[in-house]
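Okay, structure_37.cif now, which holds mmCIF, C-alpha atoms:
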data_start
#
loop_
_atom_site.label_atom_id
_atom_site.label_comp_id
_atom_site.auth_asym_id
_atom_site.auth_seq_id
_atom_site.Cartn_x
_atom_site.Cartn_y
_atom_site.Cartn_z
CA MET A 1 32.72 22.40 7.11
CA ASN A 2 31.79 22.77 10.75
CA ILE A 3 28.36 24.10 9.77
CA LEU A 4 27.76 21.15 7.42
CA LYS A 5 28.87 18.74 10.12
CA ALA A 6 26.51 20.37 12.64
CA VAL A 7 23.58 20.16 10.19
CA MET A 8 24.27 16.50 9.45
CA SER A 9 24.56 15.80 13.17
CA CYS A 10 21.16 17.39 13.79
CA ILE A 11 19.64 15.33 10.97
CA LEU A 12 21.23 12.11 12.20
CA LEU A 13 20.25 12.47 15.85
CA GLY A 14 16.98 14.31 15.23
CA GLY A 15 16.01 11.83 12.55
CA GLY A 16 16.71 8.93 14.88
CA PHE A 17 14.48 10.39 17.58
CA VAL A 18 11.69 11.25 15.12
CA TYR A 19 11.85 7.76 13.60
CA PHE A 20 11.73 6.07 16.99
CA ALA A 21 8.92 8.36 18.17
CA ALA A 22 6.90 7.49 15.05
CA CYS A 23 7.43 3.78 15.75
CA LEU A 24 6.28 4.25 19.34
CA ALA A 25 3.17 6.13 18.19
CA ALA A 26 2.43 3.42 15.64
CA PHE A 27 2.91 0.69 18.22
CA ALA A 28 0.43 2.44 20.53
CA GLY A 29 -2.03 2.72 17.64
CA HIS A 30 -2.31 -1.05 17.41
CA PHE A 31 -3.86 -1.16 20.86
CA LYS A 32 -6.46 1.52 20.28
CA SER A 33 -9.85 -0.08 20.78
CA ARG A 34 -12.40 0.13 17.99
CA ARG A 35 -16.12 -0.45 17.99
CA ILE A 36 -17.75 -2.59 15.31
CA VAL A 37 -21.30 -2.70 14.03
CA SER A 38 -22.37 -6.32 14.34
CA GLY A 39 -24.98 -7.36 11.79
CA TYR A 40 -24.37 -4.36 9.50
CA THR A 41 -24.98 -5.63 5.95
CA PRO A 42 -24.96 -2.79 3.40
CA SER A 43 -24.77 -3.48 -0.32
CA ILE A 44 -21.19 -4.04 -1.46
CA SER A 45 -19.40 -3.75 -4.79
CA VAL A 46 -16.12 -5.66 -4.85
CA ILE A 47 -13.87 -4.30 -7.60
CA ILE A 48 -10.92 -6.31 -8.92
CA ALA A 49 -8.54 -4.72 -11.41
CA ALA A 50 -6.94 -7.59 -13.33
CA ARG A 51 -4.15 -7.55 -15.89
CA ASN A 52 -2.65 -10.88 -17.00
CA GLU A 53 -4.08 -12.73 -13.99
CA GLU A 54 -5.24 -15.93 -15.70
CA CYS A 55 -3.48 -18.06 -13.10
CA ASN A 56 -4.87 -16.20 -10.08
CA ILE A 57 -8.28 -14.69 -10.76
CA GLY A 58 -10.19 -17.98 -10.58
CA SER A 59 -8.99 -18.78 -7.05
CA LEU A 60 -9.93 -15.30 -5.83
CA LEU A 61 -13.41 -15.48 -7.37
CA ASP A 62 -13.93 -18.87 -5.74
CA ASP A 63 -13.06 -17.31 -2.37
CA LEU A 64 -15.36 -14.35 -2.95
CA LEU A 65 -18.36 -16.39 -4.00
CA LEU A 66 -18.07 -18.39 -0.76
CA GLN A 67 -18.16 -15.31 1.47
CA ASP A 68 -20.23 -15.39 4.65
CA TYR A 69 -22.37 -12.47 3.50
CA PRO A 70 -25.94 -12.23 2.17
CA HIS A 71 -26.01 -13.51 -1.40
CA ASP A 72 -28.03 -10.59 -2.72
CA LYS A 73 -25.97 -7.88 -1.02
CA PHE A 74 -22.73 -8.01 -3.00
CA ARG A 75 -21.52 -8.05 -6.60
CA LEU A 76 -18.06 -8.84 -7.97
CA ILE A 77 -16.87 -6.53 -10.73
CA VAL A 78 -13.74 -7.69 -12.52
CA VAL A 79 -12.18 -5.05 -14.73
CA ASP A 80 -9.91 -6.61 -17.34
CA ASP A 81 -7.10 -4.10 -17.89
CA CYS A 82 -6.16 -5.16 -21.43
CA SER A 83 -4.84 -8.56 -20.42
CA GLU A 84 -2.72 -10.46 -22.92
CA ASP A 85 -3.56 -13.90 -21.52
CA GLY A 86 -6.75 -15.83 -20.72
CA THR A 87 -7.95 -13.63 -17.83
CA LYS A 88 -11.13 -12.62 -19.64
CA ALA A 89 -12.06 -16.22 -20.51
CA VAL A 90 -11.67 -17.32 -16.87
CA VAL A 91 -13.96 -14.52 -15.68
CA GLU A 92 -16.53 -15.33 -18.36
CA SER A 93 -16.65 -18.93 -17.13
CA PHE A 94 -17.66 -17.62 -13.69
CA ILE A 95 -20.27 -15.28 -15.19
CA ALA A 96 -21.91 -18.26 -16.84
CA ARG A 97 -22.59 -19.88 -13.49
CA ASP A 98 -23.13 -16.94 -11.11
CA ASP A 99 -24.87 -13.67 -11.90
CA ARG A 100 -23.01 -11.86 -9.13
CA VAL A 101 -19.89 -11.72 -11.32
CA ILE A 102 -19.65 -8.83 -13.78
CA LEU A 103 -16.91 -8.17 -16.35
CA ARG A 104 -15.77 -4.79 -17.62
CA GLU A 105 -12.76 -3.80 -19.73
CA THR A 106 -10.47 -0.77 -20.05
CA CYS A 107 -9.18 -1.22 -23.59
CA LEU A 108 -11.78 1.12 -25.10
CA SER A 109 -11.95 3.42 -22.10
CA LYS A 110 -11.41 7.14 -22.66
CA SER A 111 -10.77 7.72 -18.97
CA LYS A 112 -8.13 10.35 -18.20
CA TYR A 113 -6.88 8.28 -15.27
CA THR A 114 -3.83 6.06 -15.51
CA HIS A 115 -3.22 2.37 -14.99
CA LYS A 116 -5.01 0.78 -12.03
CA LYS A 117 -7.02 3.91 -11.20
CA LYS A 118 -8.57 3.73 -14.65
CA ALA A 119 -9.66 0.15 -14.01
CA ILE A 120 -10.98 0.92 -10.51
CA HIS A 121 -12.87 3.93 -11.87
CA GLU A 122 -14.49 1.83 -14.61
CA GLY A 123 -15.59 -0.61 -11.93
CA ILE A 124 -17.03 2.12 -9.74
CA LEU A 125 -19.01 3.54 -12.68
CA THR A 126 -20.58 0.10 -13.08
CA SER A 127 -21.16 -0.51 -9.38
CA LYS A 128 -24.16 0.30 -7.20
CA GLY A 129 -23.01 -0.78 -3.73
CA GLU A 130 -23.00 1.51 -0.71
CA ILE A 131 -19.52 0.23 0.13
CA ILE A 132 -16.74 -0.06 -2.46
CA VAL A 133 -14.21 -2.79 -1.70
CA THR A 134 -11.02 -3.35 -3.69
CA VAL A 135 -8.84 -6.45 -3.67
CA ASP A 136 -5.97 -7.50 -5.94
CA ALA A 137 -6.49 -10.38 -8.33
CA ASP A 138 -3.57 -12.40 -6.93
CA CYS A 139 -4.89 -12.41 -3.34
CA ARG A 140 -6.61 -15.14 -1.33
CA ILE A 141 -9.15 -14.37 1.40
CA ASN A 142 -10.95 -15.98 4.32
CA ARG A 143 -14.68 -16.72 4.26
CA GLY A 144 -15.51 -13.95 6.75
CA TRP A 145 -13.45 -11.23 5.06
CA LEU A 146 -16.28 -9.13 3.60
CA ARG A 147 -18.36 -9.21 6.77
CA GLY A 148 -15.34 -8.35 8.90
CA MET A 149 -14.38 -5.35 6.78
CA VAL A 150 -17.91 -3.95 6.59
CA GLU A 151 -18.47 -4.26 10.35
CA GLN A 152 -15.74 -1.64 10.87
CA PHE A 153 -17.93 1.07 9.31
CA VAL A 154 -19.28 2.64 12.48
CA PRO A 155 -20.73 6.16 12.12
CA GLY A 156 -17.94 8.58 11.23
CA ILE A 157 -15.74 6.01 9.50
CA ASP A 158 -15.49 6.48 5.72
CA LEU A 159 -12.52 4.27 4.80
CA VAL A 160 -11.17 1.02 6.22
CA ALA A 161 -7.82 -0.49 5.27
CA GLY A 162 -7.13 -4.14 6.02
CA SER A 163 -4.01 -6.23 6.49
CA VAL A 164 -2.12 -7.71 3.55
CA ILE A 165 -0.08 -10.73 4.62
CA VAL A 166 2.82 -11.65 2.35
CA GLU A 167 3.61 -15.34 2.25
CA GLY A 168 7.19 -16.01 1.17
CA ASN A 169 9.39 -19.04 0.58
CA GLY A 170 13.18 -19.04 0.61
CA LEU A 171 15.49 -16.29 1.80
CA TRP A 172 14.23 -13.58 -0.52
CA GLY A 173 10.57 -14.37 0.08
CA TRP A 174 11.08 -14.27 3.85
CA LEU A 175 12.95 -10.96 3.62
CA GLU A 176 10.08 -9.49 1.60
CA GLU A 177 7.62 -10.80 4.17
CA LEU A 178 9.60 -9.15 6.97
CA GLU A 179 9.98 -5.87 5.06
CA PHE A 180 6.28 -5.59 4.27
CA THR A 181 5.36 -6.46 7.85
CA GLY A 182 7.36 -3.43 9.00
CA ILE A 183 5.71 -1.14 6.43
CA GLN A 184 2.25 -2.32 7.39
CA MET A 185 2.77 -2.12 11.13
CA MET A 186 3.93 1.47 10.79
CA ALA A 187 1.10 2.46 8.44
CA ALA A 188 -1.62 0.70 10.45
CA GLY A 189 -0.56 2.08 13.81
CA LEU A 190 -0.15 5.65 12.59
CA MET A 191 -3.52 5.57 10.85
CA ASN A 192 -5.19 4.58 14.10
CA VAL A 193 -3.63 7.54 15.94
CA ARG A 194 -4.89 9.94 13.27
CA ILE A 195 -1.67 10.18 11.26
CA PRO A 196 -2.68 8.49 7.99
CA ILE A 197 0.36 8.02 5.74
CA THR A 198 -0.25 5.02 3.51
CA CYS A 199 -2.38 1.92 2.93
CA ASN A 200 -2.69 -0.84 0.33
CA GLY A 201 -5.35 -1.19 -2.36
CA ALA A 202 -5.11 -4.98 -2.13
CA ASN A 203 -7.41 -4.72 0.89
CA LEU A 204 -9.37 -1.49 1.02
CA ALA A 205 -12.99 -0.44 1.57
CA TYR A 206 -14.68 2.96 1.49
CA ARG A 207 -18.13 4.48 1.37
CA ARG A 208 -19.35 5.40 -2.09
CA SER A 209 -20.65 8.68 -0.66
CA ALA A 210 -17.16 9.59 0.63
CA PHE A 211 -15.58 8.76 -2.74
CA GLU A 212 -18.07 10.96 -4.56
CA CYS A 213 -17.78 13.77 -2.00
CA ILE A 214 -14.03 14.21 -2.60
CA GLY A 215 -14.34 13.96 -6.38
CA GLY A 216 -12.94 10.46 -6.60
CA PHE A 217 -9.54 10.31 -8.27
CA GLU A 218 -9.60 13.95 -9.40
CA GLY A 219 -6.25 15.59 -8.67
CA ILE A 220 -4.44 12.28 -8.24
CA GLY A 221 -5.46 10.50 -11.43
CA SER A 222 -2.26 11.21 -13.37
CA MET A 223 0.02 9.37 -10.96
CA VAL A 224 1.21 5.91 -11.98
CA SER A 225 0.11 4.58 -8.59
CA GLY A 226 -2.08 5.78 -5.72
CA ASP A 227 -5.53 4.24 -6.05
CA ASP A 228 -5.12 3.53 -2.34
CA ASP A 229 -3.00 5.90 -0.22
CA LEU A 230 -3.59 9.04 -2.31
CA LEU A 231 -7.33 8.36 -2.13
CA MET A 232 -7.11 7.64 1.59
CA GLN A 233 -5.35 10.95 2.22
CA LYS A 234 -8.02 12.83 0.26
CA ILE A 235 -10.76 11.25 2.35
CA ALA A 236 -8.83 11.91 5.58
CA ALA A 237 -8.14 15.57 4.79
CA GLY A 238 -9.59 17.71 7.58
CA ASN A 239 -10.83 14.64 9.47
CA PRO A 240 -8.13 11.99 9.96
CA SER A 241 -10.38 10.04 12.34
CA SER A 242 -12.61 9.12 9.37
CA VAL A 243 -10.11 6.48 8.23
CA MET A 244 -8.96 3.43 10.18
CA PHE A 245 -6.97 0.23 9.90
CA ALA A 246 -8.55 -3.14 10.65
CA SER A 247 -5.58 -5.26 11.68
CA GLY A 248 -7.42 -8.44 12.65
CA ILE A 249 -6.55 -11.71 10.94
CA GLU A 250 -10.20 -12.18 9.95
CA THR A 251 -10.00 -9.07 7.73
CA ALA A 252 -6.62 -9.94 6.19
CA VAL A 253 -5.88 -10.94 2.60
CA TYR A 254 -2.96 -13.17 1.61
CA VAL A 255 -0.57 -12.72 -1.30
CA GLN A 256 2.55 -14.55 -2.44
CA ALA A 257 5.93 -12.83 -2.35
CA LYS A 258 7.23 -11.56 -5.69
CA ASN A 259 8.85 -14.08 -8.00
CA SER A 260 12.09 -12.16 -8.43
CA VAL A 261 14.17 -9.36 -6.96
CA SER A 262 13.60 -7.23 -10.08
CA GLU A 263 9.80 -7.58 -9.82
CA PHE A 264 9.95 -6.66 -6.13
CA LEU A 265 12.10 -3.58 -6.76
CA ALA A 266 9.84 -2.49 -9.64
CA GLN A 267 6.80 -2.65 -7.35
CA ARG A 268 8.48 -0.69 -4.58
CA SER A 269 9.77 1.91 -7.07
CA ARG A 270 6.23 2.30 -8.38
CA TRP A 271 5.02 2.91 -4.83
CA ALA A 272 7.78 5.47 -4.22
CA SER A 273 7.00 7.37 -7.44
CA LYS A 274 3.97 9.09 -5.90
CA ILE A 275 5.41 10.28 -2.58
CA LEU A 276 5.91 13.92 -3.54
CA ALA A 277 2.33 14.07 -4.87
CA TYR A 278 0.70 12.98 -1.61
CA PRO A 279 -2.27 15.25 -0.89
CA SER A 280 -1.16 15.37 2.77
CA ARG A 281 1.65 17.87 3.14
CA THR A 282 2.31 16.40 6.59
CA ALA A 283 2.94 13.00 5.02
CA VAL A 284 5.26 14.49 2.40
CA ALA A 285 7.24 16.39 5.04
CA PHE A 286 7.52 13.36 7.31
CA LEU A 287 8.61 10.96 4.58
CA SER A 288 11.02 13.49 3.09
CA PHE A 289 12.68 14.04 6.45
CA ILE A 290 12.97 10.30 7.06
CA PHE A 291 14.54 9.88 3.61
CA VAL A 292 17.12 12.59 4.35
CA PHE A 293 17.83 10.96 7.72
CA LEU A 294 18.42 7.58 6.07
CA ALA A 295 20.58 9.17 3.35
CA VAL A 296 22.85 10.72 5.99
CA ILE A 297 23.60 7.34 7.59
CA PRO A 298 25.93 5.93 4.88
CA ILE A 299 27.62 9.31 4.47
CA TRP A 300 28.25 9.47 8.20
CA LEU A 301 29.50 5.89 8.20
CA VAL A 302 32.14 6.68 5.57
CA GLY A 303 33.18 9.80 7.51
CA GLY A 304 33.37 7.77 10.71
CA ILE A 305 35.57 5.12 9.13
CA PHE A 306 38.06 7.80 8.09
CA GLY A 307 37.91 9.47 11.48
CA ALA A 308 36.19 12.66 10.32
CA LEU A 309 32.87 12.00 12.06
CA SER A 310 31.83 10.44 15.35
CA LEU A 311 30.86 6.79 15.20
CA THR A 312 29.23 7.25 18.60
CA GLN A 313 26.70 9.69 17.16
CA LEU A 314 26.08 7.27 14.30
CA GLY A 315 25.45 4.52 16.83
CA VAL A 316 22.86 6.65 18.60
CA GLY A 317 20.99 7.76 15.46
CA TYR A 318 21.07 4.39 13.73
CA GLY A 319 20.42 2.56 17.00
CA LEU A 320 17.16 4.46 17.48
CA LYS A 321 16.08 3.39 14.01
CA VAL A 322 16.91 -0.25 14.72
CA MET A 323 15.00 -0.20 18.01
CA GLY A 324 11.95 1.29 16.33
CA ASP A 325 12.04 -1.29 13.54
CA LEU A 326 12.47 -4.13 16.02
CA LEU A 327 9.50 -2.91 18.05
CA LEU A 328 7.13 -2.84 15.07
CA CYS A 329 8.48 -5.82 13.13
CA GLY A 330 8.64 -7.91 16.28
CA TYR A 331 5.04 -7.09 17.12
CA GLY A 332 3.92 -7.77 13.55
CA ILE A 333 5.58 -11.13 13.09
CA MET A 334 4.29 -12.30 16.46
CA ARG A 335 0.80 -11.13 15.55
CA TYR A 336 0.99 -13.01 12.26
CA ARG A 337 2.60 -15.99 14.01
CA ARG A 338 5.85 -15.94 12.07
CA PRO A 339 8.42 -15.71 14.91
CA LEU A 340 11.23 -17.38 12.93
CA LEU A 341 11.43 -14.26 10.74
CA LEU A 342 13.20 -12.54 13.64
CA ILE A 343 16.30 -14.52 12.67
CA LEU A 344 16.51 -12.45 9.48
CA PHE A 345 16.04 -9.10 11.23
CA PRO A 346 19.80 -8.25 11.47
CA LEU A 347 20.29 -8.93 7.74
CA ALA A 348 17.19 -6.93 6.87
CA GLU A 349 18.47 -3.95 8.88
CA ILE A 350 21.81 -3.99 7.07
CA VAL A 351 20.22 -3.75 3.62
CA HIS A 352 17.26 -1.58 4.62
CA VAL A 353 18.94 1.84 4.39
CA PRO A 354 20.54 1.42 0.92
CA TYR A 355 17.38 -0.30 -0.31
CA ILE A 356 15.13 2.59 0.74
CA ILE A 357 17.48 5.16 -0.79
CA GLY A 358 17.70 3.20 -4.04
CA VAL A 359 14.00 2.52 -4.64
CA THR A 360 13.03 6.07 -3.67
CA LEU A 361 15.43 7.63 -6.16
CA LYS A 362 14.44 5.16 -8.86
CA GLY A 363 10.75 5.78 -8.22
CA LEU A 364 11.07 9.56 -8.36
CA PHE A 365 13.60 9.93 -11.17
CA GLY A 366 14.06 6.58 -12.90
CA SER A 367 11.86 4.18 -14.84
CA PHE A 368 10.38 0.80 -14.01
CA GLU A 369 8.28 -1.92 -15.58
CA TRP A 370 5.03 -3.18 -14.10
CA ARG A 371 2.58 -5.68 -15.58
CA GLY A 372 4.32 -5.43 -18.98
CA ARG A 373 4.23 -1.62 -19.07
CA ARG A 374 7.37 0.47 -19.02
CA THR A 375 6.75 3.69 -17.13
CA SER A 376 8.66 6.56 -15.64
CA ALA A 377 7.23 9.20 -13.36
CA VAL A 378 9.00 12.51 -12.82
CA SER A 379 7.39 14.67 -10.16
CA THR A 380 6.51 18.14 -11.37
CA GLY A 381 4.69 19.38 -8.31
CA TYR A 382 1.54 18.73 -6.33
CA GLY A 383 -0.54 16.00 -7.90
CA LYS A 384 1.21 16.14 -11.29
CA SER A 385 3.50 13.78 -13.16
CA VAL A 386 5.06 13.42 -16.57
CA PHE A 387 4.74 9.92 -18.02
CA GLU A 388 6.82 8.20 -20.64
CA LYS A 389 4.93 5.19 -21.94
CA LYS A 390 5.31 2.56 -24.63
CA VAL A 391 1.57 2.18 -24.94
CA ASN A 392 -1.17 4.47 -26.17
CA PRO A 393 -2.84 6.12 -23.11
CA TYR A 394 -6.23 4.86 -24.30
CA GLU A 395 -5.05 1.27 -24.73
CA GLY A 396 -5.19 0.18 -21.13
CA GLY A 397 -2.65 2.77 -19.95
#
Could you quickly redo this structure as structure tokens?
Amino acid sequence: MNILKAVMSCILLGGGFVYFAACLAAFAGHFKSRRIVSGYTPSISVIIAARNEECNIGSLLDDLLLQDYPHDKFRLIVVDDCSEDGTKAVVESFIARDDRVILRETCLSKSKYTHKKKAIHEGILTSKGEIIVTVDADCRINRGWLRGMVEQFVPGIDLVAGSVIVEGNGLWGWLEELEFTGIQMMAAGLMNVRIPITCNGANLAYRRSAFECIGGFEGIGSMVSGDDDLLMQKIAAGNPSSVMFASGIETAVYVQAKNSVSEFLAQRSRWASKILAYPSRTAVAFLSFIFVFLAVIPIWLVGGIFGALSLTQLGVGYGLKVMGDLLLCGYGIMRYRRPLLLILFPLAEIVHVPYIIGVTLKGLFGSFEWRGRRTSAVSTGYGKSVFEKKVNPYEGG
């Protein structure tokens, strides 16, 4: 019993210090200066994977066609991932009036990749641009977005991740906005100090040559998610300085908060399902340790209530986590000019630990529905997964 208590104490206190140190490192990463290449205008292929996006895809295409970028230097490739609504018809209406818009479909694809990676891969096979840019169909963008992203590609940079700003309404929407701000501030800062952990495919750009050099989605194609962070880690392997985060507002995309708690939890579970398959063993070790640290907190709390464990030690370990979160979330919401979100920070901290434990376990061992597809992913080792699906793998899976 004493040995177990000592181990848990080391995890609680050590985890608190590691968590806070990671937050400090990430915070410092946001102030690392970056050069840009003004006037750099390579050819660009913007790839949009769309499934059941009839209500959103038109607004995004309008934004893209108004970009402050040479007309003949970019193409928009929409890949319809077996939509069951009018997504295809909306895209075809844009094709009729602008030859920069191209439509592809996944329904007849024999690709061995799953879900969104299949759609992105189909788009890349069609594309010719020097720079591949991906954006989600439900996003909105500023007029200077493409130019701002491309200008980050100084020599030596192969991948650029941009900010994704969640716009919420009501208590749940604001909590989601605050939660995602924390995730993004951690990911962005760590990437800029050469510790790339994660990024988001809703705002991502990479050199075609880098994608081809690492074999594209080979080795990560079976995972239900990971067209973004798994790819980023492959590109960063051996040279973490080749990837960077562009945190400026001009390179941000905007997306609405999820419509329901269940949809939000399904998305986060999908993200968590790939953690053990990260190509970066450092990322797997770090995230695994943080998960164990967070899992110890409620156990220690129960022991403290019954007098078996020290509440003082819990206060130190958990307090370090809270300070780290406050540092990054506070910086993020001020940067995005949403200071009123700080009011919800105490509530968010209360639910954060059980929420992380729950979605991680569900992602790794449970099942979840996304875009009308019921999927479960059980990790079987490096880069492998077993999928249970209600759809034929060649019918948009």
* To do: Apply the PyMOL selection byres ((chain A and resi 32) around 12) to the file shown and report the selected residues as a PyMOL selection string.
  => chain A and resi 25-31+33-35+188-194+244-247
Quick check on the file I pasted: which residues fall under the PyMOL selection byres ((chain A and resi 74) around 6)? Write them as a JSON list (two decimals) with C-alpha atoms, keeping the file's coordinate frame.
[["chain", "number", "residue", "atom", "x", "y", "z"],
["A", 43, "SER", "CA", -24.77, -3.48, -0.32],
["A", 44, "ILE", "CA", -21.19, -4.04, -1.46],
["A", 45, "SER", "CA", -19.40, -3.75, -4.79],
["A", 72, "ASP", "CA", -28.03, -10.59, -2.72],
["A", 73, "LYS", "CA", -25.97, -7.88, -1.02],
["A", 75, "ARG", "CA", -21.52, -8.05, -6.60]]
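In this structure, atom CA of A:Ile132 sits 20.9 Å away from atom CA of A:Phe94.
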* **Residues returned when the PyMOL selection byres ((chain A and resi 142) around 10) runs on this file, as a PyMOL selection string** => chain A and resi 63-64+66-68+140-141+143-146+148+249-254
* Asked: atom CA of A:Leu340 to atom CA of A:Gly324: how many Å, to one decimal?
  ->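 Taking atom CA of A:Leu340 as the start and atom CA of A:Gly324 as the end point, the length is 19.0 Å.
When atom CA of A:Gln184 is paired with atom CA of A:Met232, their separation reads 14.8 Å.
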* **Counting only C-alpha atoms, the residue of A:Ala272, A:Val133, A:Arg337, A:Ser260 that sits nearest A:Val284** => A:Ala272
* Restricting the calculation to all atoms listed in the file, which member of A:Gly315, A:Cys139, A:Ala205, A:His121 is positioned closest to A:Gln152? -> A:Ala205
* When distances are computed from all atoms listed in the file, which of A:Cys55, A:Leu204, A:Ile48, A:Asp136 shows the smallest separation from A:Val101? ->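 The shortest atom-to-atom distance to A:Val101 comes from A:Ile48.
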* Asked: Taking into account only C-alpha atoms, which residue in the set A:Asn52, A:Ser269, A:Asn2, A:Ser93 is nearest to A:Gly366?
  ->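 So, comparing all the options, the nearest one is A:Ser269.
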* Pick from A:Glu151, A:Glu349, A:Asp228, A:Glu92, whichever lies nearest to A:Ser38 using only C-alpha atoms -> A:Glu151
* Residues near A:Trp172, cut-off 12 Å, only C-alpha atoms, skip fewer than 2 positions along chain, as an NGL selection string -> :A and (166-170 or 174-179 or 256-265 or 341 or 344 or 347-348)
* Give me the residues within 12 Å of A:Ile95 as a list of chain:residue names, counting only C-alpha atoms and dropping any in the same chain fewer than 3 places off. =>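 Near A:Ile95, the qualifying residues are A:Gly58, A:Leu61, A:Asp62, A:Leu65, A:Arg75, A:Leu76, A:Ile77, A:Val78, A:Lys88, A:Ala89, A:Val90, A:Val91, A:Glu92, A:Asp98, A:Asp99, A:Arg100, A:Val101, A:Ile102, A:Leu103, A:Arg104.
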Quick one: stretch 248-264 of chain A with N, CA and C atoms, as a PDB file, keeping the file's coordinate frame?
ATOM      1  N   GLY A 248      -7.098  -7.066  12.258  1.00  0.00           N
ATOM      2  CA  GLY A 248      -7.420  -8.440  12.650  1.00  0.00           C
ATOM      3  C   GLY A 248      -7.152  -9.444  11.534  1.00  0.00           C
ATOM      4  N   ILE A 249      -6.819 -10.651  11.910  1.00  0.00           N
ATOM      5  CA  ILE A 249      -6.550 -11.710  10.940  1.00  0.00           C
ATOM      6  C   ILE A 249      -7.784 -12.008  10.095  1.00  0.00           C
ATOM      7  N   GLU A 250      -8.973 -11.858  10.687  1.00  0.00           N
ATOM      8  CA  GLU A 250     -10.200 -12.180   9.950  1.00  0.00           C
ATOM      9  C   GLU A 250     -10.435 -11.227   8.780  1.00  0.00           C
ATOM     10  N   THR A 251      -9.828 -10.038   8.816  1.00  0.00           N
ATOM     11  CA  THR A 251     -10.000  -9.070   7.730  1.00  0.00           C
ATOM     12  C   THR A 251      -8.754  -8.993   6.842  1.00  0.00           C
ATOM     13  N   ALA A 252      -7.852  -9.942   6.969  1.00  0.00           N
ATOM     14  CA  ALA A 252      -6.620  -9.940   6.190  1.00  0.00           C
ATOM     15  C   ALA A 252      -6.801 -10.616   4.832  1.00  0.00           C
ATOM     16  N   VAL A 253      -5.990 -10.224   3.870  1.00  0.00           N
ATOM     17  CA  VAL A 253      -5.880 -10.940   2.600  1.00  0.00           C
ATOM     18  C   VAL A 253      -4.449 -11.468   2.514  1.00  0.00           C
ATOM     19  N   TYR A 254      -4.263 -12.499   1.693  1.00  0.00           N
ATOM     20  CA  TYR A 254      -2.960 -13.170   1.610  1.00  0.00           C
ATOM     21  C   TYR A 254      -2.451 -13.106   0.170  1.00  0.00           C
ATOM     22  N   VAL A 255      -1.168 -12.821   0.030  1.00  0.00           N
ATOM     23  CA  VAL A 255      -0.570 -12.720  -1.300  1.00  0.00           C
ATOM     24  C   VAL A 255       0.827 -13.342  -1.254  1.00  0.00           C
ATOM     25  N   GLN A 256       1.222 -13.949  -2.358  1.00  0.00           N
ATOM     26  CA  GLN A 256       2.550 -14.550  -2.440  1.00  0.00           C
ATOM     27  C   GLN A 256       3.609 -13.486  -2.672  1.00  0.00           C
ATOM     28  N   ALA A 257       4.802 -13.732  -2.123  1.00  0.00           N
ATOM     29  CA  ALA A 257       5.930 -12.830  -2.350  1.00  0.00           C
ATOM     30  C   ALA A 257       6.241 -12.781  -3.850  1.00  0.00           C
ATOM     31  N   LYS A 258       6.905 -11.727  -4.279  1.00  0.00           N
ATOM     32  CA  LYS A 258       7.230 -11.560  -5.690  1.00  0.00           C
ATOM     33  C   LYS A 258       8.173 -12.671  -6.159  1.00  0.00           C
ATOM     34  N   ASN A 259       8.092 -12.968  -7.445  1.00  0.00           N
ATOM     35  CA  ASN A 259       8.850 -14.080  -8.000  1.00  0.00           C
ATOM     36  C   ASN A 259      10.334 -13.791  -8.153  1.00  0.00           C
ATOM     37  N   SER A 260      10.689 -12.517  -8.201  1.00  0.00           N
ATOM     38  CA  SER A 260      12.090 -12.160  -8.430  1.00  0.00           C
ATOM     39  C   SER A 260      12.417 -10.849  -7.732  1.00  0.00           C
ATOM     40  N   VAL A 261      13.715 -10.611  -7.556  1.00  0.00           N
ATOM     41  CA  VAL A 261      14.170  -9.360  -6.960  1.00  0.00           C
ATOM     42  C   VAL A 261      13.781  -8.181  -7.844  1.00  0.00           C
ATOM     43  N   SER A 262      13.914  -8.338  -9.169  1.00  0.00           N
ATOM     44  CA  SER A 262      13.600  -7.230 -10.080  1.00  0.00           C
ATOM     45  C   SER A 262      12.123  -6.858 -10.026  1.00  0.00           C
ATOM     46  N   GLU A 263      11.239  -7.855  -9.920  1.00  0.00           N
ATOM     47  CA  GLU A 263       9.800  -7.580  -9.820  1.00  0.00           C
ATOM     48  C   GLU A 263       9.485  -6.869  -8.505  1.00  0.00           C
ATOM     49  N   PHE A 264      10.129  -7.305  -7.439  1.00  0.00           N
ATOM     50  CA  PHE A 264       9.950  -6.660  -6.130  1.00  0.00           C
ATOM     51  C   PHE A 264      10.386  -5.203  -6.170  1.00  0.00           C
TER      52      PHE A 264
END
